[in-house]
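Asker: Input structure: protein.txt, which contains compact mmCIF, C-alpha atoms.
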# COMPACT_ATOMS: atom_id res chain seq x y z
CA MET A 1 65.17 106.13 111.51
CA THR A 2 65.14 109.75 112.69
CA PRO A 3 66.63 112.84 111.02
CA PRO A 4 70.43 112.89 111.17
CA ALA A 5 71.87 114.44 114.35
CA ARG A 6 75.44 115.73 114.48
CA GLY A 7 77.85 112.87 115.25
CA ASP A 8 75.33 110.26 114.14
CA HIS A 9 75.65 111.45 110.59
CA GLU A 10 78.43 109.08 109.53
CA ALA A 11 76.70 106.04 111.07
CA ARG A 12 73.45 106.99 109.33
CA ARG A 13 75.28 107.44 106.09
CA ARG A 14 76.68 103.91 106.40
CA ASP A 15 73.13 102.59 106.94
CA VAL A 16 72.00 104.46 103.86
CA SER A 17 74.92 103.10 101.82
CA GLU A 18 74.10 99.59 102.91
CA ALA A 19 70.44 100.06 101.92
CA VAL A 20 71.51 101.42 98.52
CA ARG A 21 73.76 98.41 98.04
CA ARG A 22 70.91 96.00 98.82
CA VAL A 23 68.46 97.74 96.48
CA LEU A 24 71.05 97.65 93.67
CA ALA A 25 71.77 93.96 94.24
CA ASP A 26 68.05 93.09 94.18
CA ARG A 27 66.74 95.35 91.42
CA GLY A 28 69.61 97.00 89.58
CA PHE A 29 69.82 100.71 88.77
CA GLY A 30 66.36 100.66 87.14
CA GLY A 31 64.93 99.88 90.58
CA LEU A 32 67.03 102.43 92.47
CA THR A 33 64.58 105.06 93.70
CA LEU A 34 64.39 107.19 96.83
CA ARG A 35 61.22 105.28 97.68
CA ALA A 36 62.92 101.86 97.40
CA VAL A 37 65.89 102.94 99.53
CA ALA A 38 63.53 104.51 102.10
CA ALA A 39 61.51 101.27 102.30
CA GLU A 40 64.72 99.28 102.77
CA LEU A 41 65.63 101.59 105.66
CA GLY A 42 62.17 101.74 107.14
CA ALA A 43 62.36 105.52 106.71
CA SER A 44 60.26 108.12 104.91
CA THR A 45 61.13 109.33 101.43
CA GLY A 46 61.14 112.86 102.85
CA LEU A 47 63.81 111.95 105.35
CA LEU A 48 66.05 110.55 102.62
CA THR A 49 66.13 113.94 100.92
CA HIS A 50 68.44 115.03 103.79
CA TYR A 51 70.99 112.75 102.12
CA PHE A 52 69.92 112.88 98.48
CA PRO A 53 68.13 116.04 97.35
CA HIS A 54 67.50 114.46 93.92
CA LYS A 55 67.77 111.19 92.04
CA ARG A 56 71.18 112.03 90.57
CA ALA A 57 72.70 112.44 94.03
CA LEU A 58 71.41 108.96 94.87
CA VAL A 59 72.87 107.46 91.68
CA ALA A 60 76.19 109.25 92.23
CA HIS A 61 76.33 107.87 95.78
CA ALA A 62 75.53 104.36 94.51
CA LEU A 63 78.47 104.60 92.11
CA GLU A 64 80.77 105.63 94.98
CA VAL A 65 79.57 102.62 96.97
CA LEU A 66 80.38 100.39 94.00
CA ASP A 67 83.82 101.99 93.58
CA ARG A 68 84.67 101.18 97.20
CA GLN A 69 83.40 97.61 96.81
CA ALA A 70 85.46 97.08 93.65
CA ALA A 71 88.58 98.42 95.40
CA GLU A 72 87.99 95.97 98.29
CA ARG A 73 87.38 93.09 95.94
CA HIS A 74 90.51 93.68 93.88
CA ARG A 75 92.92 94.36 96.73
CA PRO A 76 94.03 90.71 97.22
CA ALA A 77 94.83 90.34 93.50
CA THR A 78 96.69 93.63 93.49
CA GLU A 79 98.74 92.58 96.50
CA ALA A 80 99.49 89.16 94.98
CA ALA A 81 100.79 90.93 91.89
CA ALA A 82 103.12 93.18 93.90
CA GLY A 83 106.57 92.96 92.37
CA ALA A 84 105.27 91.34 89.16
CA ARG A 85 105.43 93.35 85.93
CA GLY A 86 104.09 93.47 82.40
CA LEU A 87 101.86 90.88 80.77
CA PRO A 88 101.05 88.69 83.83
CA VAL A 89 99.89 91.78 85.74
CA LEU A 90 97.83 92.93 82.74
CA ARG A 91 96.29 89.46 82.64
CA ALA A 92 95.52 89.59 86.38
CA ALA A 93 93.93 93.04 85.97
CA LEU A 94 91.72 91.75 83.14
CA LEU A 95 90.76 88.62 85.10
CA ASP A 96 89.75 90.94 87.97
CA ILE A 97 87.18 92.55 85.68
CA LEU A 98 85.52 89.31 84.53
CA PRO A 99 82.54 87.65 86.29
CA LEU A 100 84.48 84.52 87.26
CA ASP A 101 82.47 83.85 90.45
CA ALA A 102 79.11 84.74 91.98
CA GLU A 103 80.49 87.87 93.65
CA GLY A 104 82.10 89.07 90.43
CA ALA A 105 78.88 88.39 88.51
CA ALA A 106 76.78 90.33 91.05
CA ALA A 107 79.17 93.29 91.01
CA ASN A 108 79.31 93.33 87.20
CA ARG A 109 75.55 93.04 86.90
CA ILE A 110 75.26 96.24 88.96
CA TRP A 111 77.99 98.05 87.00
CA VAL A 112 76.48 97.15 83.64
CA GLY A 113 73.14 98.26 85.03
CA SER A 114 74.64 101.64 85.93
CA TRP A 115 75.38 102.44 82.29
CA ASP A 116 71.77 103.33 81.45
CA ALA A 117 71.46 105.76 84.38
CA ALA A 118 74.94 107.17 83.67
CA LEU A 119 74.41 107.72 79.93
CA GLY A 120 71.24 109.70 80.70
CA ASP A 121 73.17 112.35 82.65
CA ALA A 122 76.16 114.41 81.47
CA GLU A 123 77.83 114.55 84.90
CA LEU A 124 77.48 110.81 85.51
CA THR A 125 78.71 110.11 81.98
CA ALA A 126 81.80 112.20 82.72
CA GLY A 127 82.35 110.24 85.94
CA HIS A 128 82.20 106.89 84.14
CA ALA A 129 84.42 108.19 81.34
CA GLU A 130 87.00 109.18 83.96
CA ARG A 131 86.78 105.74 85.67
CA TYR A 132 87.45 103.96 82.37
CA ARG A 133 90.17 106.46 81.42
CA ARG A 134 92.00 105.74 84.70
CA ALA A 135 91.69 101.98 84.10
CA ARG A 136 93.02 102.35 80.54
CA ARG A 137 95.90 104.50 81.76
CA ARG A 138 96.87 101.81 84.28
CA MET A 139 96.63 99.13 81.58
CA ALA A 140 98.65 101.27 79.16
CA GLY A 141 101.41 101.39 81.78
CA LEU A 142 101.33 97.60 82.02
CA CYS A 143 101.36 97.29 78.22
CA ALA A 144 104.39 99.61 78.04
CA GLU A 145 106.16 97.44 80.62
CA ALA A 146 105.26 94.33 78.61
CA GLN A 147 106.69 96.02 75.51
CA GLU A 148 109.96 96.80 77.32
CA LEU A 149 110.08 93.17 78.46
CA GLY A 150 109.51 91.98 74.87
CA GLU A 151 106.17 90.37 75.81
CA LEU A 152 104.12 92.61 73.51
CA PRO A 153 105.10 94.05 70.11
CA ALA A 154 106.65 97.50 70.43
CA ASP A 155 105.48 98.75 67.04
CA ARG A 156 102.18 100.22 68.25
CA PRO A 157 101.17 102.66 71.03
CA ALA A 158 100.64 101.12 74.47
CA GLU A 159 97.43 103.20 74.70
CA GLU A 160 96.05 101.39 71.68
CA LEU A 161 96.79 97.96 73.15
CA ALA A 162 95.20 99.06 76.44
CA ALA A 163 92.05 100.35 74.73
CA ARG A 164 91.73 97.04 72.88
CA ALA A 165 92.21 95.04 76.07
CA GLN A 166 89.61 97.05 77.96
CA SER A 167 87.13 96.80 75.10
CA PHE A 168 87.59 93.05 74.98
CA ALA A 169 87.13 92.62 78.74
CA LEU A 170 84.03 94.84 79.00
CA GLY A 171 82.34 93.08 76.07
CA LEU A 172 83.15 89.67 77.51
CA VAL A 173 81.54 90.78 80.79
CA VAL A 174 78.34 91.62 78.94
CA GLN A 175 78.26 88.32 77.03
CA ALA A 176 78.94 86.31 80.18
CA LEU A 177 76.24 88.10 82.17
CA PHE A 178 73.59 87.32 79.56
CA ALA A 179 74.71 83.75 78.89
CA PRO A 180 76.59 82.44 81.95
CA GLY A 181 76.00 78.87 80.76
CA GLU A 182 77.86 79.56 77.51
CA PHE A 183 80.59 81.59 79.22
CA PRO A 184 81.61 79.64 82.33
CA PRO A 185 84.79 80.86 84.10
CA GLU A 186 87.04 78.41 82.25
CA ARG A 187 85.81 79.59 78.86
CA GLN A 188 86.25 83.23 79.85
CA ARG A 189 89.88 82.43 80.71
CA VAL A 190 90.40 80.62 77.38
CA LEU A 191 88.98 83.59 75.48
CA LEU A 192 91.11 86.06 77.44
CA ASP A 193 94.27 84.00 76.93
CA GLY A 194 93.52 83.71 73.21
CA PHE A 195 93.07 87.47 73.02
CA LEU A 196 96.34 88.10 74.88
CA ALA A 197 98.21 85.54 72.77
CA ASP A 198 97.11 87.35 69.62
CA LEU A 199 98.00 90.71 71.15
CA ALA A 200 101.49 89.28 71.80
CA ALA A 201 101.80 87.66 68.36
CA GLY A 202 100.34 90.52 66.29
CA ARG A 203 102.62 92.54 64.10
CA GLU A 204 100.97 94.72 61.48
CA HIS A 205 97.50 96.09 60.86
CA VAL A 206 95.42 94.36 58.22
CA ARG A 207 94.05 96.65 55.57
CA GLY A 208 90.73 95.22 54.55
CA GLY A 209 87.27 96.42 53.53
CA THR A 210 86.26 99.92 52.53
CA GLY A 211 86.82 101.96 55.73
CA MET B 1 43.62 108.74 71.57
CA THR B 2 40.62 106.46 72.10
CA PRO B 3 40.55 102.74 72.96
CA PRO B 4 41.60 100.55 70.03
CA ALA B 5 38.79 99.65 67.61
CA ARG B 6 39.08 96.68 65.28
CA GLY B 7 40.97 97.63 62.11
CA ASP B 8 42.50 100.64 63.81
CA HIS B 9 44.55 98.39 66.01
CA GLU B 10 47.61 98.19 63.77
CA ALA B 11 47.70 101.93 63.19
CA ARG B 12 47.40 102.55 66.91
CA ARG B 13 50.14 100.07 67.57
CA ARG B 14 52.42 101.98 65.19
CA ASP B 15 51.65 105.21 67.08
CA VAL B 16 52.49 103.46 70.32
CA SER B 17 55.75 102.08 68.88
CA GLU B 18 56.72 105.54 67.70
CA ALA B 19 56.01 106.99 71.16
CA VAL B 20 58.10 104.23 72.78
CA ARG B 21 60.95 104.99 70.39
CA ARG B 22 60.84 108.72 71.27
CA VAL B 23 60.80 108.05 75.02
CA LEU B 24 63.79 105.68 74.66
CA ALA B 25 65.74 108.20 72.58
CA ASP B 26 65.09 110.99 75.12
CA ARG B 27 65.42 109.16 78.42
CA GLY B 28 66.73 105.63 77.88
CA PHE B 29 65.28 102.50 79.41
CA GLY B 30 65.44 103.99 82.91
CA GLY B 31 62.85 106.54 81.77
CA LEU B 32 60.63 104.06 79.93
CA THR B 33 57.39 103.94 81.93
CA LEU B 34 53.73 103.51 80.96
CA ARG B 35 53.20 107.05 82.22
CA ALA B 36 55.96 108.50 80.00
CA VAL B 37 54.65 106.70 76.89
CA ALA B 38 51.08 107.74 77.69
CA ALA B 39 52.17 111.38 78.04
CA GLU B 40 54.01 111.17 74.71
CA LEU B 41 50.78 109.89 73.11
CA GLY B 42 48.47 112.28 74.92
CA ALA B 43 46.65 109.21 76.25
CA SER B 44 45.82 107.89 79.70
CA THR B 45 47.99 105.33 81.45
CA GLY B 46 44.88 103.14 81.77
CA LEU B 47 44.40 103.12 78.01
CA LEU B 48 47.98 101.97 77.47
CA THR B 49 47.30 98.83 79.50
CA HIS B 50 45.26 97.64 76.46
CA TYR B 51 48.65 97.29 74.80
CA PHE B 52 50.94 96.61 77.73
CA PRO B 53 49.39 94.94 80.76
CA HIS B 54 52.66 95.34 82.69
CA LYS B 55 56.07 96.98 82.51
CA ARG B 56 57.77 93.90 81.09
CA ALA B 57 55.42 93.85 78.08
CA LEU B 58 56.41 97.46 77.42
CA VAL B 59 60.13 96.67 77.67
CA ALA B 60 59.74 93.59 75.45
CA HIS B 61 57.93 95.72 72.86
CA ALA B 62 60.67 98.37 73.04
CA LEU B 63 63.27 95.69 72.30
CA GLU B 64 61.26 94.55 69.26
CA VAL B 65 61.13 98.15 68.02
CA LEU B 66 64.93 98.33 68.40
CA ASP B 67 65.40 95.01 66.58
CA ARG B 68 63.44 96.34 63.60
CA GLN B 69 65.39 99.60 63.61
CA ALA B 70 68.72 97.74 63.70
CA ALA B 71 67.62 95.52 60.79
CA GLU B 72 66.70 98.65 58.77
CA ARG B 73 69.94 100.38 59.65
CA HIS B 74 72.12 97.43 58.64
CA ARG B 75 70.37 96.51 55.42
CA PRO B 76 72.49 98.77 53.15
CA ALA B 77 75.75 97.32 54.54
CA THR B 78 74.40 93.79 54.22
CA GLU B 79 73.42 94.43 50.61
CA ALA B 80 76.78 96.01 49.80
CA ALA B 81 78.44 92.88 51.16
CA ALA B 82 76.34 90.55 48.98
CA GLY B 83 78.70 88.18 47.22
CA ALA B 84 81.63 89.02 49.51
CA ARG B 85 82.93 86.35 51.90
CA GLY B 86 85.09 85.85 54.96
CA LEU B 87 87.11 88.54 56.73
CA PRO B 88 85.85 91.65 54.86
CA VAL B 89 82.24 90.65 55.67
CA LEU B 90 83.16 90.01 59.30
CA ARG B 91 84.79 93.44 59.37
CA ALA B 92 81.65 95.03 57.85
CA ALA B 93 79.45 93.26 60.41
CA LEU B 94 81.63 94.55 63.27
CA LEU B 95 81.68 98.08 61.84
CA ASP B 96 77.85 97.89 61.72
CA ILE B 97 77.82 97.43 65.49
CA LEU B 98 80.04 100.42 66.32
CA PRO B 99 78.76 103.97 67.02
CA LEU B 100 80.45 105.51 63.95
CA ASP B 101 77.83 108.22 63.41
CA ALA B 102 75.09 110.02 65.35
CA GLU B 103 72.45 107.45 64.40
CA GLY B 104 74.67 104.56 65.43
CA ALA B 105 75.50 106.29 68.72
CA ALA B 106 71.81 106.91 69.49
CA ALA B 107 70.86 103.31 68.71
CA ASN B 108 73.74 101.93 70.78
CA ARG B 109 72.94 104.24 73.67
CA ILE B 110 69.44 102.71 73.77
CA TRP B 111 70.75 99.12 73.45
CA VAL B 112 73.31 99.55 76.21
CA GLY B 113 70.55 101.13 78.28
CA SER B 114 68.37 98.05 77.77
CA TRP B 115 70.89 95.82 79.56
CA ASP B 116 69.87 96.97 83.05
CA ALA B 117 66.16 96.31 82.40
CA ALA B 118 66.96 93.01 80.67
CA LEU B 119 69.28 91.68 83.39
CA GLY B 120 66.57 92.29 85.99
CA ASP B 121 64.14 89.86 84.29
CA ALA B 122 64.77 86.21 83.40
CA GLU B 123 62.64 86.27 80.22
CA LEU B 124 64.26 89.45 78.90
CA THR B 125 67.70 88.09 79.77
CA ALA B 126 66.91 84.98 77.73
CA GLY B 127 65.80 87.17 74.81
CA HIS B 128 69.05 89.16 74.86
CA ALA B 129 71.10 85.98 75.23
CA GLU B 130 69.39 84.60 72.11
CA ARG B 131 70.04 87.84 70.17
CA TYR B 132 73.74 87.69 70.95
CA ARG B 133 73.88 83.94 70.30
CA ARG B 134 72.43 84.50 66.80
CA ALA B 135 74.94 87.27 66.13
CA ARG B 136 77.83 85.07 67.30
CA ARG B 137 76.58 82.18 65.15
CA ARG B 138 76.55 84.44 62.11
CA MET B 139 80.05 85.70 62.93
CA ALA B 140 81.27 82.13 63.50
CA GLY B 141 80.10 81.30 59.97
CA LEU B 142 82.09 84.25 58.64
CA CYS B 143 85.14 83.20 60.69
CA ALA B 144 84.88 79.66 59.29
CA GLU B 145 84.76 81.12 55.75
CA ALA B 146 87.79 83.27 56.56
CA GLN B 147 89.59 80.17 57.83
CA GLU B 148 88.82 78.31 54.59
CA LEU B 149 90.12 81.30 52.64
CA GLY B 150 93.31 81.32 54.72
CA GLU B 151 92.47 84.77 56.16
CA LEU B 152 92.27 83.53 59.75
CA PRO B 153 94.29 80.77 61.45
CA ALA B 154 92.53 77.40 61.23
CA ASP B 155 93.96 76.03 64.48
CA ARG B 156 91.17 77.25 66.75
CA PRO B 157 87.37 76.95 66.72
CA ALA B 158 85.50 79.55 64.65
CA GLU B 159 83.10 79.92 67.61
CA GLU B 160 85.99 81.07 69.77
CA LEU B 161 87.11 83.68 67.25
CA ALA B 162 83.51 84.87 66.92
CA ALA B 163 83.04 85.17 70.70
CA ARG B 164 86.25 87.20 70.90
CA ALA B 165 85.15 89.46 68.03
CA GLN B 166 81.75 90.11 69.57
CA SER B 167 83.28 90.79 73.00
CA PHE B 168 85.69 93.27 71.46
CA ALA B 169 82.96 95.12 69.53
CA LEU B 170 80.51 95.35 72.44
CA GLY B 171 83.19 96.65 74.79
CA LEU B 172 84.35 99.20 72.23
CA VAL B 173 80.74 100.40 71.92
CA VAL B 174 80.63 101.03 75.68
CA GLN B 175 83.96 102.89 75.73
CA ALA B 176 82.97 105.02 72.74
CA LEU B 177 79.58 105.94 74.23
CA PHE B 178 81.17 107.18 77.46
CA ALA B 179 84.10 108.97 75.81
CA PRO B 180 83.16 109.86 72.22
CA GLY B 181 85.94 112.47 72.16
CA GLU B 182 88.56 109.80 72.85
CA PHE B 183 86.97 107.28 70.50
CA PRO B 184 86.08 109.15 67.30
CA PRO B 185 85.04 106.98 64.32
CA GLU B 186 88.57 106.88 62.88
CA ARG B 187 90.05 105.60 66.14
CA GLN B 188 87.31 102.96 66.44
CA ARG B 189 88.28 101.73 62.95
CA VAL B 190 91.99 101.67 63.86
CA LEU B 191 91.25 99.66 67.01
CA LEU B 192 89.01 97.24 65.10
CA ASP B 193 91.59 96.77 62.34
CA GLY B 194 94.31 96.18 64.94
CA PHE B 195 92.13 93.58 66.63
CA LEU B 196 91.40 91.84 63.31
CA ALA B 197 95.05 91.95 62.27
CA ASP B 198 96.03 90.20 65.49
CA LEU B 199 93.22 87.69 65.05
CA ALA B 200 94.65 86.95 61.60
CA ALA B 201 98.26 86.84 62.78
CA GLY B 202 97.71 84.89 66.01
CA ARG B 203 98.89 81.31 66.18
CA GLU B 204 99.06 79.77 69.64
CA HIS B 205 97.68 80.56 73.07
CA VAL B 206 100.00 82.17 75.55
CA ARG B 207 100.23 80.40 78.87
CA GLY B 208 100.84 83.07 81.46
CA GLY B 209 99.88 83.92 85.00
CA THR B 210 98.26 81.64 87.54
CA GLY B 211 94.87 80.77 86.00
Since I need it in another form, could you write the structure as structure tokens?
Answerer:
Amino acid sequence: MTPPARGDHEARRRDVSEAVRRVLADRGFGGLTLRAVAAELGASTGLLTHYFPHKRALVAHALEVLDRQAAERHRPATEAAAGARGLPVLRAALLDILPLDAEGAAANRIWVGSWDAALGDAELTAGHAERYRRARRRMAGLCAEAQELGELPADRPAEELAARAQSFALGLVVQALFAPGEFPPERQRVLLDGFLADLAAGREHVRGGTG
Amino acid sequence: MTPPARGDHEARRRDVSEAVRRVLADRGFGGLTLRAVAAELGASTGLLTHYFPHKRALVAHALEVLDRQAAERHRPATEAAAGARGLPVLRAALLDILPLDAEGAAANRIWVGSWDAALGDAELTAGHAERYRRARRRMAGLCAEAQELGELPADRPAEELAARAQSFALGLVVQALFAPGEFPPERQRVLLDGFLADLAAGREHVRGGTG
């Protein structure tokens, strides 16, 4: 690989993105270094600094690559849900998050791996916070629809139901990644449906303990 | 620091553990290298290989340090709950997990950061899986107690309720770490109490969507 010439730049950038994706898939964010990406490309580390002047730029780019992949992966589900409203769409959105197949597990493994790198940097933390805020806002819209349709209780804020749903899904991802044998796809669905059934059946907050 | 002499070994090991803890607190698992720990100790990287022949040994030791810290941190809550049973103890155990103060946030930031390193190594993955399995088993015992006491519905396995509770708590930890301003301690408690109220009120599984 030679230094980027005008016109070639976009093609080179795609090569770099592909190399980043492969390094992430093989080694996770802990193994994402300029040196590893350069080796994957057969390029020098010095050359890579044309694209990424520092480690954070590389991590930020990796997160963009993942965003695009997630958007690609979820498009069919989103299109299938076109016209649907409320609880079934919320359920589809939560199923989209879970590692229900090899591709979903690989993508989640990389996302979960990004949390260490992201939490170590204020700008990356803000980026992740914004990603999750957008996802919660979308889910809150679906919860509000489900409330209008009488599928979810209307006596609590849709934002609260959405935050609970996202918490549940993210934690289930983590459990399933560490113990895929204990959390096969069918069990993940059972757990999600149990969670949603309780969300639909719930009425009032319990007041227990000392908090 | 000089090479470990007999008798000194335990004291040295404590120094090393303390240095590991400081590196984790400052930089997370992504920054945990033999070089960083050596610098923290004012020792050579070569010397550190007496303790950690490879990176995985260092990561495994870091996880042990975290286990001990978590046990220390949770002892007061565990003692306060002595004699209590069922749902209030489950609630206390879940509150123990959440980042409700600066210490809890720092500890959780390190744990979440360990997931990338752990998922990249089969032995470390197995260790984490066992940690979470133990925690779920303990929670399942508390759920079974709560079922006997009539605090939780008896029509579903305690293991299922426990897996849902742990998923919810872990995911809430992640949300709160990325957006502490949106998830202050009081909101985390409200979300947890809402989750537990629904767990207590839930009766049957919803059958929705296509899964």
Asker: Quick one: of A:Arg134, A:Arg27, A:Arg73, A:Arg12, who's nearest to chain B, counting only C-alpha atoms?
Answerer: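 Among the listed residues, the smallest separation from chain B belongs to A:Arg27.
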Asker: When you draw a straight line from CA of Gln175 (chain B) to CA of Leu124 (chain B), how long is it in Å?
Answerer: 24.1 Å
Asker: As an exercise, work out the distance from CA of Gly171 (chain A) to CA of Ala201 (chain B) in Å and give it to one decimal place.
Answerer: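 CA of Gly171 (chain A) sits 21.7 Å away from CA of Ala201 (chain B).
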Asker: Neighbouring residues of region 101-104 of chain A were defined as those with any atom within 8 Å, considering all atoms listed in the file; residues of the same chain fewer than 4 positions away were excluded. Please report them as a ChimeraX atom specification.
Answerer: /A:97,108,185
Asker: Can you work out which one of A:Glu18, A:Glu151, A:Glu159, A:Asp116 has the shortest atom-to-atom distance to chain B, counting all atoms listed in the file?
Answerer: A:Asp116
Asker: Rounded to one decimal in Å, what is the spacing between CA of Ile110 (chain A) and CA of Leu119 (chain B)?
Answerer: 9.4 Å
